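Accompanying notes for the structure given below.
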Amino acid sequence: MDNDRILLSWITQYVYCPHRLYLEAVEQYSADNIYTAEGTVQHQRVHEPKIEKRGDDIRITGLSVYSDALNLFGICDEVKCTVSRYGCYVPLLDEKCKITPTEFKHGKSGYEHKEYNLQLTAQAMCLEEMFNCKIEKGEIYYIGSKIRTEVQFTDAAKKKVKNILIQINQIIDGHAIPQAEYKKRCPKCSMYSICNPKTDMILRYIENLWEQYHEKN
Ligand code: SF4
């Protein structure tokens, strides 16, 4: 894989907070807190590569996926391949299958996590390119509540993914530096102490006031 490829997980990071993606992808900061550590432990199990077969369903966990067209790569938590003569040919199984990707997330499903939906859509776009097929829908499984939610891979969602990839490219190429903005989610962000969003906003506010002052004087 090329080093300049975009990681699938960066889509989630970008939608959560563009400044967070900048800190992680460009400044190379990494930080854990209780929320991210919990997610990492729960994810370790699903990222172990393995294949399980039950009837016509073959589940592959920890499958590496990529898209040359989107310059994107990453790992799918689980890809369910249902053997069907109407499906696409999956060389590693030597079967024709209908494909359904599933992303595992920690926590509970309470409201729509649009960042998760878009990351899953991007995974589907990788799988569509790899297996030359069309995938209609996937699932997000919330480990905390054991709830599965269905995600439709609409043209609108795919367009959003492509737009986000353009923004991410601009950030990693150094053409855009998204600023920190203090929001409700910030106290739960593992980058909080590195980012200091409140201090950053106050400094920018004061800089702005000085600029206005100098323009008038
Ligand atoms: S603390 Fe807030 S502004 Fe800073 S990286 Fe995290 S979410 Fe973004």
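Residue names in the structure tokens use chain letters A, B, ... in the order shown, residue numbers from 1 in each chain, and ligand numbers from 1 in the order shown.
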Using only C-alpha atoms and all ligand atoms, which protein or nucleic acid residues are at most 6 Å from ligand 1, as a PyMOL selection string? chain A and resi 17+19-20+180-182+185-186+189+191-192+195+197
Just list as a PyMOL selection string whatever in chain A DSSP marks as helix (DSSP H, G or I). chain A and resi 8-16+18-26+34-46+114-131+155-172+186-188+192-195+197-216
Which of region 8-217 of chain A DSSP labels strand (DSSP E or B), written as a ChimeraX atom specification: /A:50-54,57-67,72-90,95-105,137-142,147-152
Between A:Ile140, A:Pro49, A:Trp10, A:Glu128, which is the closest to Leu23 (chain A) once you count only C-alpha atoms? A:Trp10
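Using only C-alpha atoms, the shortest contact distance between Leu127 (chain A) and any of A:Thr82, A:Ser190, A:Thr100, A:Thr149 is found at A:Thr100.
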